[in-house]
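Novice: If it helps, the file is called query11.cif and holds mmCIF, C-alpha atoms:
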data_model
#
loop_
_atom_site.group_PDB
_atom_site.id
_atom_site.type_symbol
_atom_site.label_atom_id
_atom_site.label_comp_id
_atom_site.auth_asym_id
_atom_site.auth_seq_id
_atom_site.Cartn_x
_atom_site.Cartn_y
_atom_site.Cartn_z
ATOM 1 C CA MET A 182 3.419 7.320 -20.110
ATOM 2 C CA GLY A 183 6.322 6.136 -17.969
ATOM 3 C CA VAL A 184 5.688 3.412 -15.423
ATOM 4 C CA LEU A 185 6.649 5.693 -12.525
ATOM 5 C CA LYS A 186 4.287 8.421 -13.678
ATOM 6 C CA PHE A 187 1.576 5.792 -14.266
ATOM 7 C CA ALA A 188 2.066 4.406 -10.736
ATOM 8 C CA ALA A 189 2.260 7.885 -9.168
ATOM 9 C CA VAL A 190 -0.996 9.006 -10.777
ATOM 10 C CA ALA A 191 -2.687 5.777 -9.701
ATOM 11 C CA ALA A 192 -1.343 6.079 -6.144
ATOM 12 C CA ALA A 193 -2.555 9.682 -5.906
ATOM 13 C CA ALA A 194 -5.995 8.559 -7.043
ATOM 14 C CA VAL A 195 -6.062 5.793 -4.409
ATOM 15 C CA LEU A 196 -4.899 8.103 -1.630
ATOM 16 C CA GLY A 197 -7.260 10.862 -2.720
ATOM 17 C CA ALA A 198 -10.288 8.582 -2.836
ATOM 18 C CA GLY A 199 -12.171 8.698 0.438
ATOM 19 C CA VAL A 200 -14.128 5.857 1.929
ATOM 20 C CA ALA A 201 -17.636 6.123 0.551
ATOM 21 C CA ALA A 202 -19.893 4.988 3.342
ATOM 22 C CA GLY A 203 -23.608 4.816 3.777
ATOM 23 C CA PRO A 204 -25.485 6.537 6.596
ATOM 24 C CA ALA A 205 -23.813 5.968 9.966
ATOM 25 C CA SER A 206 -26.976 4.478 11.465
ATOM 26 C CA ALA A 207 -27.621 2.048 8.598
ATOM 27 C CA ALA A 208 -26.389 -1.474 9.318
ATOM 28 C CA PRO A 209 -25.158 -3.444 6.310
ATOM 29 C CA PRO A 210 -27.415 -6.284 5.171
ATOM 30 C CA VAL A 211 -26.510 -9.893 5.925
ATOM 31 C CA PRO A 212 -24.208 -11.005 3.078
ATOM 32 C CA ASP A 213 -25.044 -13.842 0.698
ATOM 33 C CA GLU A 214 -21.344 -14.142 -0.190
ATOM 34 C CA VAL A 215 -18.036 -13.355 1.484
ATOM 35 C CA GLU A 216 -15.097 -13.230 -0.923
ATOM 36 C CA SER A 217 -11.857 -11.425 -1.609
ATOM 37 C CA ALA A 218 -11.304 -8.394 -3.821
ATOM 38 C CA TRP A 219 -8.287 -6.317 -4.814
ATOM 39 C CA VAL A 220 -8.050 -2.718 -3.561
ATOM 40 C CA ALA A 221 -4.808 -0.761 -4.136
ATOM 41 C CA HIS A 222 -2.917 -3.995 -4.949
ATOM 42 C CA ARG A 223 -3.921 -5.627 -1.643
ATOM 43 C CA LEU A 224 -6.680 -8.093 -0.860
ATOM 44 C CA ILE A 225 -9.691 -6.955 1.119
ATOM 45 C CA THR A 226 -12.808 -8.805 2.298
ATOM 46 C CA LEU A 227 -15.830 -8.142 0.091
ATOM 47 C CA TYR A 228 -19.374 -8.808 1.271
ATOM 48 C CA VAL A 229 -22.129 -9.200 -1.326
ATOM 49 C CA ASP A 230 -25.892 -9.336 -0.886
ATOM 50 C CA THR A 231 -27.135 -10.520 -4.279
ATOM 51 C CA PRO A 232 -30.551 -9.497 -5.554
ATOM 52 C CA ASP A 233 -33.032 -12.299 -5.015
ATOM 53 C CA GLY A 234 -36.306 -11.007 -6.379
ATOM 54 C CA PRO A 235 -37.611 -9.611 -9.654
ATOM 55 C CA ASP A 236 -37.991 -6.170 -8.027
ATOM 56 C CA ALA A 237 -34.472 -6.175 -6.557
ATOM 57 C CA GLY A 238 -32.312 -3.495 -8.047
ATOM 58 C CA PRO A 239 -30.297 -0.386 -7.390
ATOM 59 C CA SER A 240 -31.499 2.017 -4.713
ATOM 60 C CA ASP A 241 -31.279 5.796 -4.645
ATOM 61 C CA ALA A 242 -30.413 5.441 -0.943
ATOM 62 C CA ARG A 243 -26.990 3.881 -1.686
ATOM 63 C CA PRO A 244 -24.084 5.138 -3.797
ATOM 64 C CA ASP A 245 -23.011 3.199 -6.917
ATOM 65 C CA ALA A 246 -19.724 1.281 -7.033
ATOM 66 C CA ASP A 247 -17.962 -0.354 -9.969
ATOM 67 C CA VAL A 248 -16.794 -3.921 -9.471
ATOM 68 C CA PHE A 249 -14.114 -4.529 -12.093
ATOM 69 C CA LEU A 250 -13.812 -8.090 -13.406
ATOM 70 C CA THR A 251 -10.215 -8.827 -14.425
ATOM 71 C CA ALA A 252 -8.562 -12.082 -15.384
ATOM 72 C CA PRO A 253 -7.151 -13.836 -12.312
ATOM 73 C CA GLN A 254 -3.670 -12.784 -11.236
ATOM 74 C CA ASP A 255 -3.106 -16.451 -10.378
ATOM 75 C CA PRO A 256 -5.063 -18.566 -12.877
ATOM 76 C CA ALA A 257 -4.888 -21.583 -10.540
ATOM 77 C CA ASN A 258 -6.585 -19.582 -7.753
ATOM 78 C CA PRO A 259 -9.112 -17.100 -9.174
ATOM 79 C CA LEU A 260 -11.031 -15.006 -6.668
ATOM 80 C CA ASP A 261 -14.291 -16.029 -8.405
ATOM 81 C CA PRO A 262 -14.810 -19.180 -10.499
ATOM 82 C CA GLY A 263 -17.426 -17.521 -12.715
ATOM 83 C CA VAL A 264 -20.957 -18.689 -13.304
ATOM 84 C CA VAL A 265 -23.715 -18.890 -15.902
ATOM 85 C CA ILE A 266 -26.800 -16.936 -14.857
ATOM 86 C CA PRO A 267 -29.701 -18.758 -16.517
ATOM 87 C CA SER A 268 -32.736 -17.261 -18.204
ATOM 88 C CA PRO A 269 -34.855 -16.489 -16.208
ATOM 89 C CA PRO A 270 -34.028 -14.639 -13.981
ATOM 90 C CA ALA A 271 -31.799 -12.977 -16.593
ATOM 91 C CA PRO A 272 -33.456 -11.904 -19.881
ATOM 92 C CA GLN A 273 -30.951 -14.197 -21.609
ATOM 93 C CA PRO A 274 -28.231 -16.471 -20.199
ATOM 94 C CA ILE A 275 -25.220 -14.467 -19.002
ATOM 95 C CA ILE A 276 -21.728 -15.927 -18.665
ATOM 96 C CA VAL A 277 -19.882 -14.262 -15.801
ATOM 97 C CA PRO A 278 -16.260 -15.194 -16.574
ATOM 98 C CA VAL A 279 -13.743 -16.642 -14.168
ATOM 99 C CA HIS A 280 -12.236 -13.495 -12.663
ATOM 100 C CA ASP A 281 -10.607 -11.523 -9.913
ATOM 101 C CA THR A 282 -12.615 -8.638 -8.467
ATOM 102 C CA VAL A 283 -11.084 -5.160 -8.206
ATOM 103 C CA LEU A 284 -12.594 -2.117 -6.458
ATOM 104 C CA ASP A 285 -11.684 1.584 -6.449
ATOM 105 C CA GLY A 286 -11.354 1.572 -2.674
ATOM 106 C CA PRO A 287 -12.986 0.437 0.559
ATOM 107 C CA HIS A 288 -16.631 1.435 0.866
ATOM 108 C CA GLY A 289 -19.807 0.998 2.843
ATOM 109 C CA PRO A 290 -22.978 -0.549 1.367
ATOM 110 C CA ALA A 291 -23.274 0.406 -2.312
ATOM 111 C CA ASP A 292 -25.120 -0.733 -5.419
ATOM 112 C CA CYS A 293 -22.402 -2.706 -7.180
ATOM 113 C CA PHE A 294 -22.149 -3.014 -10.952
ATOM 114 C CA GLY A 295 -19.949 -5.539 -12.772
ATOM 115 C CA VAL A 296 -17.594 -4.016 -15.352
ATOM 116 C CA GLN A 297 -15.495 -6.335 -17.534
ATOM 117 C CA VAL A 298 -11.906 -5.147 -18.150
ATOM 118 C CA LEU A 299 -11.078 -6.013 -21.773
ATOM 119 C CA PRO A 300 -8.089 -5.192 -23.966
ATOM 120 C CA ALA A 301 -8.770 -2.049 -26.019
ATOM 121 C CA ALA A 302 -9.124 -2.585 -29.751
ATOM 122 C CA GLY A 303 -6.275 -0.152 -30.481
ATOM 123 C CA ALA A 304 -3.836 -1.432 -27.846
ATOM 124 C CA ARG A 305 -0.445 -2.393 -29.289
ATOM 125 C CA PRO A 306 0.486 -6.100 -29.102
ATOM 126 C CA GLY A 307 2.194 -6.992 -25.830
ATOM 127 C CA THR A 308 0.854 -3.962 -23.933
ATOM 128 C CA VAL A 309 -2.185 -5.712 -22.418
ATOM 129 C CA LEU A 310 -1.868 -9.171 -20.860
ATOM 130 C CA THR A 311 -5.030 -11.307 -20.986
ATOM 131 C CA ARG A 312 -6.336 -14.733 -20.083
ATOM 132 C CA PRO A 313 -9.226 -16.495 -21.831
ATOM 133 C CA ASP A 314 -12.132 -17.681 -19.726
ATOM 134 C CA PRO A 315 -12.130 -21.490 -19.613
ATOM 135 C CA ASN A 316 -15.947 -21.391 -19.380
ATOM 136 C CA GLY A 317 -16.399 -19.496 -22.655
ATOM 137 C CA GLY A 318 -16.834 -15.973 -21.268
ATOM 138 C CA ALA A 319 -14.841 -12.886 -22.145
ATOM 139 C CA THR A 320 -11.056 -12.827 -22.405
ATOM 140 C CA LEU A 321 -10.213 -10.430 -19.567
ATOM 141 C CA ALA A 322 -7.099 -8.321 -18.954
ATOM 142 C CA TYR A 323 -4.972 -8.867 -15.835
ATOM 143 C CA ALA A 324 -1.986 -6.542 -16.422
ATOM 144 C CA VAL A 325 -0.662 -3.827 -18.717
ATOM 145 C CA VAL A 326 2.900 -3.193 -19.820
ATOM 146 C CA VAL A 327 3.992 0.433 -19.462
ATOM 147 C CA GLY A 328 7.541 1.527 -20.234
ATOM 148 C CA GLY A 329 8.624 -2.117 -20.332
ATOM 149 C CA HIS A 330 7.245 -2.802 -16.830
ATOM 150 C CA ARG A 331 4.284 -5.047 -16.049
ATOM 151 C CA VAL A 332 1.620 -3.318 -13.936
ATOM 152 C CA ALA A 333 -0.974 -5.622 -12.370
ATOM 153 C CA LEU A 334 -4.610 -4.570 -12.735
ATOM 154 C CA THR A 335 -5.303 -4.927 -8.998
ATOM 155 C CA SER A 336 -6.315 -1.321 -8.314
ATOM 156 C CA GLY A 337 -9.418 0.496 -9.529
ATOM 157 C CA PRO A 338 -7.558 3.779 -10.183
ATOM 158 C CA VAL A 339 -4.895 1.892 -12.188
ATOM 159 C CA ILE A 340 -7.651 0.246 -14.257
ATOM 160 C CA ARG A 341 -9.330 3.625 -14.870
ATOM 161 C CA LEU A 342 -5.988 5.148 -15.891
ATOM 162 C CA ALA A 343 -5.268 2.219 -18.245
ATOM 163 C CA ALA A 344 -8.687 2.853 -19.828
ATOM 164 C CA LYS A 345 -8.010 6.594 -20.094
ATOM 165 C CA VAL A 346 -4.748 6.009 -21.997
ATOM 166 C CA GLY A 347 -6.424 3.492 -24.332
ATOM 167 C CA LEU A 348 -4.959 0.202 -23.121
ATOM 168 C CA VAL A 349 -8.181 -1.372 -21.812
ATOM 169 C CA THR A 350 -11.897 -0.972 -22.387
ATOM 170 C CA LEU A 351 -14.391 -0.958 -19.511
ATOM 171 C CA ASP A 352 -17.269 -3.068 -20.815
ATOM 172 C CA ARG A 353 -20.674 -2.367 -19.300
ATOM 173 C CA SER A 354 -22.622 -3.974 -22.157
ATOM 174 C CA TRP A 355 -23.959 -6.932 -20.218
ATOM 175 C CA PRO A 356 -26.380 -6.640 -17.283
ATOM 176 C CA GLY A 357 -23.767 -6.050 -14.634
ATOM 177 C CA TYR A 358 -25.799 -5.197 -11.508
ATOM 178 C CA GLY A 359 -24.531 -7.505 -8.814
ATOM 179 C CA GLY A 360 -26.459 -6.392 -5.747
ATOM 180 C CA THR A 361 -25.342 -4.593 -2.623
ATOM 181 C CA CYS A 362 -21.690 -4.908 -1.674
ATOM 182 C CA TRP A 363 -19.411 -3.449 0.967
ATOM 183 C CA THR A 364 -15.872 -4.018 2.150
ATOM 184 C CA GLY A 365 -14.382 -5.217 5.393
ATOM 185 C CA ALA A 366 -10.874 -5.791 6.684
ATOM 186 C CA ARG A 367 -7.753 -5.977 4.563
ATOM 187 C CA ARG A 368 -6.343 -9.511 4.326
#
How does the structure come out when it is put into structure tokens?

Specialist:
Amino acid sequence: MGVLKFAAVAAAAVLGAGVAAGPASAAPPVPDEVESAWVAHRLITLYVDTPDGPDAGPSDARPDADVFLTAPQDPANPLDPGVVIPSPPAPQPIIVPVHDTVLDGPHGPADCFGVQVLPAAGARPGTVLTRPDPNGGATLAYAVVVGGHRVALTSGPVIRLAAKVGLVTLDRSWPGYGGTCWTGARR
């Protein structure tokens, strides 16, 4: 797929994706974390209310949202340093790798699920650019090479398209529920 076609399809997906918002009368919870995330190749403020009890979990009252974990675009300044979630509360220790966070688009309060972006097993050498996690977590992808051009994985629709054409794998194998998250202003 040519880089222009790849970018055009991704741009159409971004422009066609509406803002998924919760009920107009529902106020977002108070965030535990305020961080940055990539949306359509631009940074946006991301608010996260992490689950803090054994009964915390997804709610049928909120939509689901994927939170893609990619390798940092700038390894010296990752958007998230990563963490080890001990056991308990996790059934077994989980290494959340050093990463940048990428979303499909702006959204209201949603149940957010972590999805690691990994190179696909069948991807040709040099078509997926990766960085190893210095903490021992997964080696995540941060860009793909299409038609000789590097395309940063800083847009959810681009990541989904890269998965569809077999360049990356979207790994949901680890317990990826991250809590409630919603977006704010572009940075």

Novice: Provide the atom CA of Ala324 of chain A to atom CA of Gly337 of chain A distance in Å, to one decimal place.

Specialist: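 Distance reported for this atom pair: 12.3 Å.
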
Novice: One decimal, in Å: what's the spacing between atom CA of Val277 of chain A and atom CA of Val346 of chain A?

Specialist: 26.0 Å

Novice: Can you translate the PyMOL selection byres ((chain A and resi 309-312) around 8) into the concrete residues it hits in this file, as a list in words?

Specialist: Ala252, Pro253, Pro300, Ala304, Arg305, Pro306, Gly307, Thr308, Pro313, Asp314, Thr320, Leu321, Ala322, Tyr323, Ala324, Val325, Val326, Leu348 and Val349 of chain A

Novice: For the PyMOL selection byres ((chain A and resi 359) around 8), applied here, can you spell out every residue it catches as a count of residues only?

Specialist: 10

Novice: Once the PyMOL selection byres ((chain A and resi 257-271) around 9) is applied to the coordinates I shared, what remains selected? I want it as a list in words.

Specialist: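 Residues picked by the PyMOL selection byres ((chain A and resi 257-271) around 9): Glu216, Ser217, Ala218, Gly234, Pro235, Ala252, Pro253, Gln254, Asp255, Pro256, Pro272, Gln273, Pro274, Ile275, Ile276, Val277, Pro278, Val279, His280, Asp281, Thr282, Asp314, Asn316, Gly318 and Pro356 of chain A.
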
Novice: Nearest residue to Thr226 of chain A out of A:His288, A:Arg368, A:Arg243, A:Arg341, using only C-alpha atoms?

Specialist: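 Closest to Thr226 of chain A, using only C-alpha atoms: A:Arg368.
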
Novice: Can you tell me how far atom CA of Asp285 of chain A sits from atom CA of Pro338 of chain A, in Å to one decimal?

Specialist: 6.0 Å
